Every structure is written in structure tokens, then in C-alpha cells.
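Trainee: Here you go, this is query_5.tsv (TSV, N, CA and C atoms).
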```tsv
chain	number	residue	atom	x	y	z
K	1	MET	N	10.41	-18.28	6.40
K	1	MET	CA	9.80	-17.10	5.81
K	1	MET	C	10.81	-15.95	5.88
K	2	SER	N	10.86	-15.20	4.82
K	2	SER	CA	11.87	-14.15	4.78
K	2	SER	C	11.40	-12.96	3.97
K	3	VAL	N	12.23	-11.93	3.99
K	3	VAL	CA	11.95	-10.73	3.20
K	3	VAL	C	11.90	-11.09	1.72
K	4	ASP	N	12.63	-12.13	1.31
K	4	ASP	CA	12.59	-12.56	-0.10
K	4	ASP	C	11.17	-12.91	-0.53
K	5	GLN	N	10.39	-13.49	0.36
K	5	GLN	CA	9.00	-13.82	0.03
K	5	GLN	C	8.17	-12.55	-0.14
K	6	ILE	N	8.44	-11.56	0.68
K	6	ILE	CA	7.73	-10.28	0.55
K	6	ILE	C	8.07	-9.65	-0.80
K	7	VAL	N	9.35	-9.64	-1.15
K	7	VAL	CA	9.79	-9.09	-2.44
K	7	VAL	C	9.12	-9.84	-3.59
K	8	ALA	N	9.02	-11.15	-3.49
K	8	ALA	CA	8.40	-11.95	-4.55
K	8	ALA	C	6.92	-11.59	-4.71
K	9	ILE	N	6.21	-11.40	-3.60
K	9	ILE	CA	4.79	-11.04	-3.67
K	9	ILE	C	4.62	-9.66	-4.30
K	10	VAL	N	5.46	-8.70	-3.90
K	10	VAL	CA	5.38	-7.35	-4.47
K	10	VAL	C	5.72	-7.39	-5.95
K	11	ASN	N	6.76	-8.12	-6.33
K	11	ASN	CA	7.14	-8.20	-7.75
K	11	ASN	C	6.03	-8.85	-8.59
K	12	GLU	N	5.38	-9.85	-8.03
K	12	GLU	CA	4.26	-10.49	-8.73
K	12	GLU	C	3.12	-9.49	-8.94
K	13	LEU	N	2.84	-8.67	-7.92
K	13	LEU	CA	1.81	-7.65	-8.04
K	13	LEU	C	2.17	-6.63	-9.13
K	14	LEU	N	3.41	-6.16	-9.10
K	14	LEU	CA	3.84	-5.17	-10.08
K	14	LEU	C	3.80	-5.72	-11.51
K	15	SER	N	4.14	-6.98	-11.66
K	15	SER	CA	4.14	-7.56	-13.01
K	15	SER	C	2.72	-7.91	-13.49
K	16	SER	N	1.80	-8.14	-12.55
K	16	SER	CA	0.44	-8.51	-12.95
K	16	SER	C	-0.44	-7.29	-13.24
K	17	ASN	N	-0.04	-6.12	-12.75
K	17	ASN	CA	-0.83	-4.90	-12.98
K	17	ASN	C	0.13	-3.79	-13.37
K	18	GLU	N	0.19	-3.48	-14.65
K	18	GLU	CA	1.15	-2.50	-15.17
K	18	GLU	C	0.90	-1.09	-14.64
K	19	ASN	N	-0.28	-0.83	-14.10
K	19	ASN	CA	-0.58	0.49	-13.55
K	19	ASN	C	-0.05	0.69	-12.13
K	20	ILE	N	0.30	-0.39	-11.46
K	20	ILE	CA	0.91	-0.28	-10.14
K	20	ILE	C	2.42	-0.23	-10.36
K	21	THR	N	3.00	0.92	-10.03
K	21	THR	CA	4.41	1.12	-10.39
K	21	THR	C	5.35	1.23	-9.19
K	22	ALA	N	4.81	1.28	-7.98
K	22	ALA	CA	5.65	1.34	-6.79
K	22	ALA	C	4.87	0.75	-5.62
K	23	ALA	N	5.60	0.20	-4.65
K	23	ALA	CA	4.94	-0.42	-3.51
K	23	ALA	C	5.84	-0.39	-2.29
K	24	ALA	N	5.20	-0.46	-1.13
K	24	ALA	CA	5.91	-0.57	0.14
K	24	ALA	C	5.10	-1.48	1.05
K	25	VAL	N	5.81	-2.21	1.90
K	25	VAL	CA	5.18	-3.07	2.89
K	25	VAL	C	5.57	-2.51	4.26
K	26	LEU	N	4.56	-2.26	5.08
K	26	LEU	CA	4.75	-1.62	6.37
K	26	LEU	C	4.26	-2.51	7.50
K	27	THR	N	4.85	-2.32	8.67
K	27	THR	CA	4.28	-2.93	9.87
K	27	THR	C	3.13	-2.04	10.31
K	28	ASN	N	2.29	-2.55	11.18
K	28	ASN	CA	1.14	-1.77	11.65
K	28	ASN	C	1.57	-0.52	12.42
K	29	ASP	N	2.78	-0.56	13.01
K	29	ASP	CA	3.25	0.61	13.75
K	29	ASP	C	4.07	1.55	12.88
K	30	GLY	N	4.13	1.29	11.57
K	30	GLY	CA	4.72	2.25	10.65
K	30	GLY	C	6.16	2.02	10.24
K	31	ARG	N	6.73	0.88	10.55
K	31	ARG	CA	8.08	0.59	10.08
K	31	ARG	C	8.00	0.08	8.64
K	32	VAL	N	8.93	0.53	7.82
K	32	VAL	CA	8.99	0.06	6.44
K	32	VAL	C	9.78	-1.24	6.41
K	33	ILE	N	9.12	-2.32	6.02
K	33	ILE	CA	9.78	-3.62	5.90
K	33	ILE	C	10.47	-3.71	4.55
K	34	TYR	N	9.79	-3.22	3.53
K	34	TYR	CA	10.31	-3.26	2.16
K	34	TYR	C	9.64	-2.17	1.34
K	35	GLN	N	10.39	-1.59	0.42
K	35	GLN	CA	9.81	-0.67	-0.56
K	35	GLN	C	10.58	-0.81	-1.85
K	36	THR	N	9.89	-0.59	-2.96
K	36	THR	CA	10.55	-0.68	-4.25
K	36	THR	C	11.58	0.44	-4.37
K	37	ASP	N	12.57	0.22	-5.20
K	37	ASP	CA	13.67	1.17	-5.34
K	37	ASP	C	13.24	2.53	-5.86
K	38	ASN	N	12.11	2.59	-6.53
K	38	ASN	CA	11.66	3.84	-7.15
K	38	ASN	C	10.78	4.69	-6.24
K	39	TRP	N	10.73	4.37	-4.94
K	39	TRP	CA	9.82	5.05	-4.03
K	39	TRP	C	10.40	5.04	-2.64
K	40	ASP	N	10.42	6.18	-1.97
K	40	ASP	CA	10.87	6.24	-0.58
K	40	ASP	C	9.78	6.91	0.24
K	41	VAL	N	9.07	6.11	1.01
K	41	VAL	CA	7.94	6.62	1.80
K	41	VAL	C	8.25	6.71	3.28
K	42	THR	N	9.50	6.46	3.66
K	42	THR	CA	9.84	6.40	5.09
K	42	THR	C	9.47	7.68	5.83
K	43	GLY	N	9.63	8.84	5.21
K	43	GLY	CA	9.31	10.09	5.88
K	43	GLY	C	7.82	10.40	5.94
K	44	ASP	N	7.03	9.66	5.19
K	44	ASP	CA	5.59	9.94	5.10
K	44	ASP	C	4.71	8.97	5.87
K	45	VAL	N	5.28	7.86	6.30
K	45	VAL	CA	4.47	6.77	6.85
K	45	VAL	C	3.70	7.18	8.10
K	46	ALA	N	4.33	7.84	9.04
K	46	ALA	CA	3.63	8.19	10.29
K	46	ALA	C	2.41	9.06	10.01
K	47	GLY	N	2.57	10.09	9.20
K	47	GLY	CA	1.44	10.95	8.87
K	47	GLY	C	0.38	10.24	8.07
K	48	LEU	N	0.82	9.38	7.17
K	48	LEU	CA	-0.10	8.62	6.34
K	48	LEU	C	-0.98	7.71	7.19
K	49	LEU	N	-0.37	6.96	8.09
K	49	LEU	CA	-1.14	6.03	8.93
K	49	LEU	C	-2.06	6.79	9.89
K	50	SER	N	-1.59	7.91	10.41
K	50	SER	CA	-2.42	8.73	11.28
K	50	SER	C	-3.63	9.26	10.52
K	51	ALA	N	-3.41	9.75	9.31
K	51	ALA	CA	-4.52	10.26	8.49
K	51	ALA	C	-5.52	9.16	8.18
K	52	TRP	N	-5.02	7.94	7.92
K	52	TRP	CA	-5.91	6.81	7.64
K	52	TRP	C	-6.77	6.51	8.86
K	53	ARG	N	-6.13	6.40	10.02
K	53	ARG	CA	-6.88	6.08	11.24
K	53	ARG	C	-7.93	7.14	11.57
K	54	GLU	N	-7.58	8.40	11.30
K	54	GLU	CA	-8.48	9.50	11.62
K	54	GLU	C	-9.48	9.79	10.49
K	55	LYS	N	-9.36	9.02	9.41
K	55	LYS	CA	-10.23	9.21	8.24
K	55	LYS	C	-10.17	10.66	7.75
K	56	ALA	N	-8.95	11.15	7.63
K	56	ALA	CA	-8.72	12.51	7.15
K	56	ALA	C	-9.17	12.63	5.69
K	57	PRO	N	-9.52	13.83	5.24
K	57	PRO	CA	-10.00	14.01	3.87
K	57	PRO	C	-8.88	13.93	2.82
K	58	SER	N	-7.62	14.01	3.28
K	58	SER	CA	-6.52	13.93	2.32
K	58	SER	C	-5.28	13.34	2.99
K	59	ILE	N	-4.37	12.85	2.16
K	59	ILE	CA	-3.08	12.34	2.61
K	59	ILE	C	-2.01	12.99	1.75
K	60	SER	N	-0.77	12.87	2.19
K	60	SER	CA	0.33	13.43	1.42
K	60	SER	C	1.49	12.43	1.42
K	61	ILE	N	2.03	12.18	0.23
K	61	ILE	CA	3.19	11.31	0.08
K	61	ILE	C	4.16	11.99	-0.85
K	62	GLN	N	5.40	12.10	-0.41
K	62	GLN	CA	6.46	12.74	-1.17
K	62	GLN	C	6.04	14.13	-1.67
K	63	GLY	N	5.35	14.86	-0.80
K	63	GLY	CA	4.95	16.22	-1.12
K	63	GLY	C	3.76	16.35	-2.05
K	64	ILE	N	3.16	15.23	-2.42
K	64	ILE	CA	1.99	15.26	-3.32
K	64	ILE	C	0.74	14.96	-2.49
K	65	LYS	N	-0.26	15.80	-2.63
K	65	LYS	CA	-1.51	15.64	-1.89
K	65	LYS	C	-2.49	14.79	-2.68
K	66	TYR	N	-3.12	13.87	-1.99
K	66	TYR	CA	-4.13	12.98	-2.57
K	66	TYR	C	-5.43	13.12	-1.78
K	67	SER	N	-6.54	13.26	-2.47
K	67	SER	CA	-7.85	13.31	-1.83
K	67	SER	C	-8.32	11.89	-1.54
K	68	VAL	N	-8.76	11.66	-0.33
K	68	VAL	CA	-9.22	10.33	0.07
K	68	VAL	C	-10.61	10.09	-0.51
K	69	LEU	N	-10.72	9.01	-1.27
K	69	LEU	CA	-12.01	8.63	-1.85
K	69	LEU	C	-12.75	7.64	-0.95
K	70	GLN	N	-11.96	6.79	-0.27
K	70	GLN	CA	-12.55	5.76	0.58
K	70	GLN	C	-11.57	5.42	1.69
K	71	ALA	N	-12.06	5.36	2.91
K	71	ALA	CA	-11.23	4.97	4.05
K	71	ALA	C	-12.04	4.08	4.97
K	72	THR	N	-11.64	2.82	5.05
K	72	THR	CA	-12.25	1.87	5.98
K	72	THR	C	-11.12	1.25	6.79
K	73	GLU	N	-11.44	0.36	7.70
K	73	GLU	CA	-10.38	-0.32	8.46
K	73	GLU	C	-9.51	-1.17	7.56
K	74	GLU	N	-10.06	-1.66	6.46
K	74	GLU	CA	-9.34	-2.57	5.58
K	74	GLU	C	-8.56	-1.87	4.47
K	75	ARG	N	-8.98	-0.66	4.08
K	75	ARG	CA	-8.34	-0.03	2.92
K	75	ARG	C	-8.48	1.48	2.94
K	76	LEU	N	-7.57	2.11	2.20
K	76	LEU	CA	-7.66	3.53	1.91
K	76	LEU	C	-7.37	3.70	0.43
K	77	ILE	N	-8.21	4.45	-0.24
K	77	ILE	CA	-8.02	4.73	-1.66
K	77	ILE	C	-8.07	6.24	-1.81
K	78	ALA	N	-7.03	6.79	-2.46
K	78	ALA	CA	-6.93	8.23	-2.62
K	78	ALA	C	-6.44	8.55	-4.03
K	79	THR	N	-6.80	9.75	-4.51
K	79	THR	CA	-6.39	10.16	-5.84
K	79	THR	C	-5.90	11.60	-5.82
K	80	ASN	N	-4.98	11.91	-6.71
K	80	ASN	CA	-4.51	13.28	-6.85
K	80	ASN	C	-5.40	13.96	-7.87
K	81	VAL	N	-6.03	15.06	-7.48
K	81	VAL	CA	-6.99	15.73	-8.35
K	81	VAL	C	-6.33	16.41	-9.55
K	82	SER	N	-5.02	16.57	-9.52
K	82	SER	CA	-4.29	17.15	-10.66
K	82	SER	C	-3.81	16.09	-11.64
K	83	GLY	N	-4.22	14.85	-11.41
K	83	GLY	CA	-3.86	13.77	-12.33
K	83	GLY	C	-2.49	13.18	-12.12
K	84	LEU	N	-1.98	13.24	-10.88
K	84	LEU	CA	-0.65	12.71	-10.60
K	84	LEU	C	-0.66	11.29	-10.05
K	85	GLY	N	-1.79	10.62	-10.14
K	85	GLY	CA	-1.85	9.22	-9.73
K	85	GLY	C	-2.73	8.97	-8.52
K	86	HIS	N	-2.64	7.74	-8.03
K	86	HIS	CA	-3.52	7.27	-6.96
K	86	HIS	C	-2.70	6.50	-5.92
K	87	ILE	N	-3.22	6.43	-4.72
K	87	ILE	CA	-2.61	5.67	-3.64
K	87	ILE	C	-3.63	4.66	-3.12
K	88	ILE	N	-3.16	3.45	-2.88
K	88	ILE	CA	-4.01	2.43	-2.26
K	88	ILE	C	-3.25	1.83	-1.09
K	89	LEU	N	-3.90	1.74	0.05
K	89	LEU	CA	-3.38	1.02	1.20
K	89	LEU	C	-4.35	-0.10	1.51
K	90	SER	N	-3.82	-1.25	1.87
K	90	SER	CA	-4.65	-2.39	2.22
K	90	SER	C	-4.00	-3.12	3.38
K	91	THR	N	-4.82	-3.53	4.34
K	91	THR	CA	-4.24	-4.30	5.43
K	91	THR	C	-3.84	-5.68	4.93
K	92	ALA	N	-2.75	-6.17	5.46
K	92	ALA	CA	-2.28	-7.52	5.14
K	92	ALA	C	-2.78	-8.41	6.28
K	93	GLN	N	-4.06	-8.70	6.24
K	93	GLN	CA	-4.74	-9.49	7.27
K	93	GLN	C	-4.46	-8.92	8.67
K	94	TYR	N	-4.40	-7.59	8.76
K	94	TYR	CA	-4.15	-6.85	10.01
K	94	TYR	C	-2.79	-7.17	10.62
K	95	ARG	N	-1.89	-7.76	9.84
K	95	ARG	CA	-0.53	-8.05	10.33
K	95	ARG	C	0.48	-7.06	9.77
K	96	GLY	N	0.04	-6.25	8.83
K	96	GLY	CA	0.88	-5.26	8.18
K	96	GLY	C	0.05	-4.51	7.17
K	97	ILE	N	0.73	-3.70	6.35
K	97	ILE	CA	0.02	-2.85	5.39
K	97	ILE	C	0.77	-2.87	4.07
K	98	LEU	N	0.01	-3.00	3.00
K	98	LEU	CA	0.56	-2.89	1.65
K	98	LEU	C	0.14	-1.53	1.11
K	99	LEU	N	1.13	-0.73	0.71
K	99	LEU	CA	0.93	0.61	0.19
K	99	LEU	C	1.42	0.63	-1.25
K	100	VAL	N	0.58	1.08	-2.17
K	100	VAL	CA	1.00	1.11	-3.58
K	100	VAL	C	0.67	2.44	-4.22
K	101	TYR	N	1.44	2.74	-5.26
K	101	TYR	CA	1.18	3.88	-6.11
K	101	TYR	C	0.61	3.35	-7.42
K	102	VAL	N	-0.50	3.92	-7.86
K	102	VAL	CA	-1.14	3.55	-9.12
K	102	VAL	C	-0.97	4.73	-10.08
K	103	ALA	N	-0.50	4.46	-11.28
K	103	ALA	CA	-0.27	5.49	-12.29
K	103	ALA	C	-1.57	6.24	-12.60
K	104	PRO	N	-1.46	7.47	-13.09
K	104	PRO	CA	-2.66	8.28	-13.36
K	104	PRO	C	-3.70	7.60	-14.24
K	105	GLN	N	-3.28	6.83	-15.24
K	105	GLN	CA	-4.23	6.17	-16.12
K	105	GLN	C	-4.83	4.91	-15.50
K	106	GLY	N	-4.33	4.51	-14.34
K	106	GLY	CA	-4.80	3.28	-13.70
K	106	GLY	C	-6.17	3.42	-13.06
K	107	ASP	N	-6.85	2.31	-12.97
K	107	ASP	CA	-8.18	2.21	-12.36
K	107	ASP	C	-8.02	1.80	-10.91
K	108	THR	N	-8.49	2.63	-9.98
K	108	THR	CA	-8.32	2.31	-8.57
K	108	THR	C	-9.13	1.08	-8.17
K	109	GLY	N	-10.32	0.91	-8.73
K	109	GLY	CA	-11.15	-0.25	-8.38
K	109	GLY	C	-10.50	-1.56	-8.78
K	110	GLY	N	-10.09	-1.66	-10.03
K	110	GLY	CA	-9.44	-2.87	-10.51
K	110	GLY	C	-8.10	-3.10	-9.84
K	111	SER	N	-7.37	-2.03	-9.61
K	111	SER	CA	-6.07	-2.16	-8.95
K	111	SER	C	-6.25	-2.61	-7.51
K	112	TYR	N	-7.31	-2.12	-6.85
K	112	TYR	CA	-7.53	-2.54	-5.47
K	112	TYR	C	-7.74	-4.05	-5.37
K	113	VAL	N	-8.41	-4.63	-6.31
K	113	VAL	CA	-8.61	-6.09	-6.30
K	113	VAL	C	-7.26	-6.80	-6.29
K	114	ASP	N	-6.34	-6.36	-7.15
K	114	ASP	CA	-5.01	-6.97	-7.20
K	114	ASP	C	-4.24	-6.72	-5.90
K	115	VAL	N	-4.34	-5.50	-5.38
K	115	VAL	CA	-3.65	-5.15	-4.14
K	115	VAL	C	-4.19	-5.99	-2.98
K	116	SER	N	-5.49	-6.15	-2.93
K	116	SER	CA	-6.12	-6.93	-1.87
K	116	SER	C	-5.65	-8.38	-1.89
K	117	ARG	N	-5.56	-8.96	-3.08
K	117	ARG	CA	-5.08	-10.35	-3.20
K	117	ARG	C	-3.63	-10.47	-2.71
K	118	ALA	N	-2.81	-9.51	-3.13
K	118	ALA	CA	-1.40	-9.53	-2.69
K	118	ALA	C	-1.31	-9.33	-1.18
K	119	ALA	N	-2.18	-8.50	-0.62
K	119	ALA	CA	-2.17	-8.24	0.82
K	119	ALA	C	-2.50	-9.50	1.61
K	120	VAL	N	-3.39	-10.33	1.10
K	120	VAL	CA	-3.71	-11.60	1.77
K	120	VAL	C	-2.46	-12.47	1.85
K	121	LYS	N	-1.74	-12.57	0.73
K	121	LYS	CA	-0.50	-13.36	0.71
K	121	LYS	C	0.52	-12.77	1.68
K	122	LEU	N	0.64	-11.45	1.69
K	122	LEU	CA	1.58	-10.80	2.60
K	122	LEU	C	1.22	-11.07	4.06
K	123	GLY	N	-0.06	-11.06	4.35
K	123	GLY	CA	-0.50	-11.34	5.72
K	123	GLY	C	-0.03	-12.70	6.20
K	124	GLN	N	-0.09	-13.68	5.33
K	124	GLN	CA	0.36	-15.03	5.69
K	124	GLN	C	1.86	-15.04	5.95
K	125	VAL	N	2.63	-14.35	5.11
K	125	VAL	CA	4.08	-14.28	5.28
K	125	VAL	C	4.44	-13.52	6.56
K	126	LEU	N	3.75	-12.38	6.80
K	126	LEU	CA	4.04	-11.59	7.98
K	126	LEU	C	3.70	-12.32	9.27
K	127	GLN	N	2.66	-13.13	9.22
K	127	GLN	CA	2.31	-13.92	10.41
K	127	GLN	C	3.44	-14.90	10.72
K	128	ALA	N	3.96	-15.54	9.71
K	128	ALA	CA	5.04	-16.49	9.91
K	128	ALA	C	6.32	-15.80	10.37
K	129	MET	N	6.51	-14.53	9.97
K	129	MET	CA	7.70	-13.77	10.36
K	129	MET	C	7.51	-13.10	11.71
K	130	SER	N	6.33	-13.19	12.28
K	130	SER	CA	5.98	-12.59	13.57
K	130	SER	C	6.06	-11.08	13.56
K	131	TYR	N	5.63	-10.45	12.47
K	131	TYR	CA	5.54	-8.99	12.43
K	131	TYR	C	4.21	-8.56	12.99
```
The structure in this file should be written as C-alpha cells.
Mentor:
Amino acid sequence: MSVDQIVAIVNELLSSNENITAAAVLTNDGRVIYQTDNWDVTGDVAGLLSAWREKAPSISIQGIKYSVLQATEERLIATNVSGLGHIILSTAQYRGILLVYVAPQGDTGGSYVDVSRAAVKLGQVLQAMSY
């Protein structure tokens, strides 16, 4: 098992849902394992995960504020009220976290289904990698 498998899962997600345009895979303690070239979330991860755990009313990534629509142990769904897109986080079977950016025209509900499926695959890979 390798990072190549993580990249393949993320690329499959991006190609299957045109509204998901960026992604990152994180460890539960906030280390970035992989992120797409068009997104750098390394400076935002600690605050993002803390806000998720605390069920904060909003999160911020790359200086953009998103209002949290739903926060459970399994997922966080947030949207920018100015129409700048959406954020979805999903646990990878509690072995890591899949974080994605959904374009403004994207549907968070439908996109979450795709993200959730990819997160299950990532969880299996992360377990084998001992993350």
C-alpha cells in the first residue's frame, strides 16, 4: 500500500464528480498525507479539525469563511454564503480524513455521497499503511 493508491482514489473521485475540484487526505492528528496541486490546506488543518470537533458554527480555509451546515462525527458539510463554494470532510473509517472543495454550482448532498464512498476506500488503504 502506498501514497500512489491514495492519489488514485482522489483522482477517481475528482474525475467522477466534476464539481469536486480539490482534495486533501489528512491523518486524524492533522498531518497532510496528500493534497491536490491546486489547493494548500496545511496552514488551515489544525483550526479546521478543532472547529469540527467543537461543532463550531463556521470554518475557514485559505482565508474564506464557510458556514457549517452539518457536523457529526462522520462528516462536516459547510458552504460559503457569498457563493464561493462548499467544503466537505468525511472520516476515512476513522483512520484519516478526506477533505474536499466543491465548486459553487455543486450539490453538497450528491457530492457527499461520492466523498463518502471514496473515504471508505481511503480508510482501507490507510489501515494497511498504519496511519
Trainee: Just want the 12 Å neighbourhood of Lys55 (chain K), counted on only C-alpha atoms, with same-chain residues fewer than 5 positions away dropped. Output as a JSON list (two decimals) with N, CA and C atoms, in the coordinates of the input.
Mentor:
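Dumped everything to result_26.json:
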```
[["chain", "number", "residue", "atom", "x", "y", "z"],
["K", 47, "GLY", "N", 2.57, 10.09, 9.20],
["K", 47, "GLY", "CA", 1.44, 10.95, 8.87],
["K", 47, "GLY", "C", 0.38, 10.24, 8.07],
["K", 48, "LEU", "N", 0.82, 9.38, 7.17],
["K", 48, "LEU", "CA", -0.10, 8.62, 6.34],
["K", 48, "LEU", "C", -0.98, 7.71, 7.19],
["K", 49, "LEU", "N", -0.37, 6.96, 8.09],
["K", 49, "LEU", "CA", -1.14, 6.03, 8.93],
["K", 49, "LEU", "C", -2.06, 6.79, 9.89],
["K", 50, "SER", "N", -1.59, 7.91, 10.41],
["K", 50, "SER", "CA", -2.42, 8.73, 11.28],
["K", 50, "SER", "C", -3.63, 9.26, 10.52],
["K", 67, "SER", "N", -6.54, 13.26, -2.47],
["K", 67, "SER", "CA", -7.85, 13.31, -1.83],
["K", 67, "SER", "C", -8.32, 11.89, -1.54],
["K", 68, "VAL", "N", -8.76, 11.66, -0.33],
["K", 68, "VAL", "CA", -9.22, 10.33, 0.07],
["K", 68, "VAL", "C", -10.61, 10.09, -0.51],
["K", 69, "LEU", "N", -10.72, 9.01, -1.27],
["K", 69, "LEU", "CA", -12.01, 8.63, -1.85],
["K", 69, "LEU", "C", -12.75, 7.64, -0.95],
["K", 70, "GLN", "N", -11.96, 6.79, -0.27],
["K", 70, "GLN", "CA", -12.55, 5.76, 0.58],
["K", 70, "GLN", "C", -11.57, 5.42, 1.69],
["K", 71, "ALA", "N", -12.06, 5.36, 2.91],
["K", 71, "ALA", "CA", -11.23, 4.97, 4.05],
["K", 71, "ALA", "C", -12.04, 4.08, 4.97],
["K", 72, "THR", "N", -11.64, 2.82, 5.05],
["K", 72, "THR", "CA", -12.25, 1.87, 5.98],
["K", 72, "THR", "C", -11.12, 1.25, 6.79],
["K", 73, "GLU", "N", -11.44, 0.36, 7.70],
["K", 73, "GLU", "CA", -10.38, -0.32, 8.46],
["K", 73, "GLU", "C", -9.51, -1.17, 7.56],
["K", 75, "ARG", "N", -8.98, -0.66, 4.08],
["K", 75, "ARG", "CA", -8.34, -0.03, 2.92],
["K", 75, "ARG", "C", -8.48, 1.48, 2.94],
["K", 76, "LEU", "N", -7.57, 2.11, 2.20],
["K", 76, "LEU", "CA", -7.66, 3.53, 1.91],
["K", 76, "LEU", "C", -7.37, 3.70, 0.43],
["K", 77, "ILE", "N", -8.21, 4.45, -0.24],
["K", 77, "ILE", "CA", -8.02, 4.73, -1.66],
["K", 77, "ILE", "C", -8.07, 6.24, -1.81],
["K", 78, "ALA", "N", -7.03, 6.79, -2.46],
["K", 78, "ALA", "CA", -6.93, 8.23, -2.62],
["K", 78, "ALA", "C", -6.44, 8.55, -4.03]]
```
Trainee: Ranking K:Ser58, K:Asp107, K:Gly85, K:Asp29 by minimum distance to Ala46 (chain K) and counting all atoms listed in the file, which one comes first?
Mentor: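 Ranking K:Ser58, K:Asp107, K:Gly85, K:Asp29 by distance to Ala46 (chain K), first place goes to K:Asp29.
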Trainee: Residues near region 14-25 of chain K, anyone? I mean within 5 Å using all atoms listed in the file, not counting same-chain ones fewer than 5 positions away, as a short mmCIF file (atom, residue, chain, number, x, y, z; two decimals) with N, CA and C atoms, in the frame of the given file.
Mentor:
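What follows is the written file part.cif:
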```
data_model
loop_
_atom_site.label_atom_id
_atom_site.label_comp_id
_atom_site.auth_asym_id
_atom_site.auth_seq_id
_atom_site.Cartn_x
_atom_site.Cartn_y
_atom_site.Cartn_z
N VAL K 32 8.93 0.53 7.82
CA VAL K 32 8.99 0.06 6.44
C VAL K 32 9.78 -1.24 6.41
N ILE K 33 9.12 -2.32 6.02
CA ILE K 33 9.78 -3.62 5.90
C ILE K 33 10.47 -3.71 4.55
N TYR K 34 9.79 -3.22 3.53
CA TYR K 34 10.31 -3.26 2.16
C TYR K 34 9.64 -2.17 1.34
N GLN K 35 10.39 -1.59 0.42
CA GLN K 35 9.81 -0.67 -0.56
C GLN K 35 10.58 -0.81 -1.85
N THR K 36 9.89 -0.59 -2.96
CA THR K 36 10.55 -0.68 -4.25
C THR K 36 11.58 0.44 -4.37
N ILE K 97 0.73 -3.70 6.35
CA ILE K 97 0.02 -2.85 5.39
C ILE K 97 0.77 -2.87 4.07
N LEU K 98 0.01 -3.00 3.00
CA LEU K 98 0.56 -2.89 1.65
C LEU K 98 0.14 -1.53 1.11
N LEU K 99 1.13 -0.73 0.71
CA LEU K 99 0.93 0.61 0.19
C LEU K 99 1.42 0.63 -1.25
N VAL K 100 0.58 1.08 -2.17
CA VAL K 100 1.00 1.11 -3.58
C VAL K 100 0.67 2.44 -4.22
N TYR K 101 1.44 2.74 -5.26
CA TYR K 101 1.18 3.88 -6.11
C TYR K 101 0.61 3.35 -7.42
N VAL K 102 -0.50 3.92 -7.86
CA VAL K 102 -1.14 3.55 -9.12
C VAL K 102 -0.97 4.73 -10.08
N ALA K 103 -0.50 4.46 -11.28
CA ALA K 103 -0.27 5.49 -12.29
C ALA K 103 -1.57 6.24 -12.60
#
```
Trainee: Do you have the CA of Pro104 (chain K)-CA of Lys121 (chain K) distance handy?
Mentor: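 We find that CA of Pro104 (chain K) and CA of Lys121 (chain K) lie 25.9 Å from each other.
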Trainee: At what distance in Å, to one decimal, does atom N of Val115 (chain K) lie from atom N of Ile88 (chain K)?
Mentor: 9.4 Å
Trainee: Among region 12-116 of chain K, which ones does DSSP place in helix (DSSP H, G or I), written as a PyMOL selection string?
Mentor: chain K and resi 12-16+45-53+108-116
Trainee: For region 66-81 of chain K, take all atoms listed in the file, fit an axis-aligned box around them, add 4 Å to each of the six sides, then output centre and edge lengths in Å rounded to one decimal, as JSON.
Mentor:
```
{"center_x": -7.9, "center_y": 6.9, "center_z": -0.5, "size_x": 17.6, "size_y": 27.0, "size_z": 26.0}
```
Trainee: Under the rule that only C-alpha atoms are counted, which of K:Gly106, K:Gly83, K:Gln93, K:Asp37 is the nearest residue to Ala118 (chain K)?
Mentor: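 Among the listed residues, the smallest separation from Ala118 (chain K) belongs to K:Gln93.
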Trainee: Contacts of Ser2 (chain K) at 8 Å or less, counting all atoms listed in the file, minus same-chain residues fewer than 3 places along, as a list of chain:residue names?
Mentor: K:Gln5, K:Ile6, K:Val7, K:Val125, K:Leu126, K:Ala128, K:Met129
Trainee: For a test of reading the model, state the distance in Å between CA of Thr79 (chain K) and CA of Arg53 (chain K), rounded to one decimal.
Mentor: 17.6 Å
Trainee: Using only C-alpha atoms, pick whichever of K:Leu122, K:Gly43, K:Lys65, K:Val10 has the shortest atom-to-atom distance to Gly96 (chain K).
Mentor: K:Leu122
Trainee: Give me, as JSON, numbers by chain, the residues of region 5-130 of chain K that a backbone DSSP run labels strand (DSSP E or B).
Mentor: {"K": [20, 21, 22, 23, 24, 25, 26, 32, 33, 34, 35, 58, 59, 60, 61, 64, 65, 66, 67, 68, 69, 70, 71, 75, 76, 77, 78, 79, 86, 87, 88, 89, 90, 91, 97, 98, 99, 100, 101, 102]}
Trainee: Have a look at K:Gly109, K:Ala51, K:Leu89, K:Asp44 and name the one nearest to Gly63 (chain K); count only C-alpha atoms.
Mentor: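 Looking only at the distances to Gly63 (chain K), the closest residue turns out to be K:Asp44.
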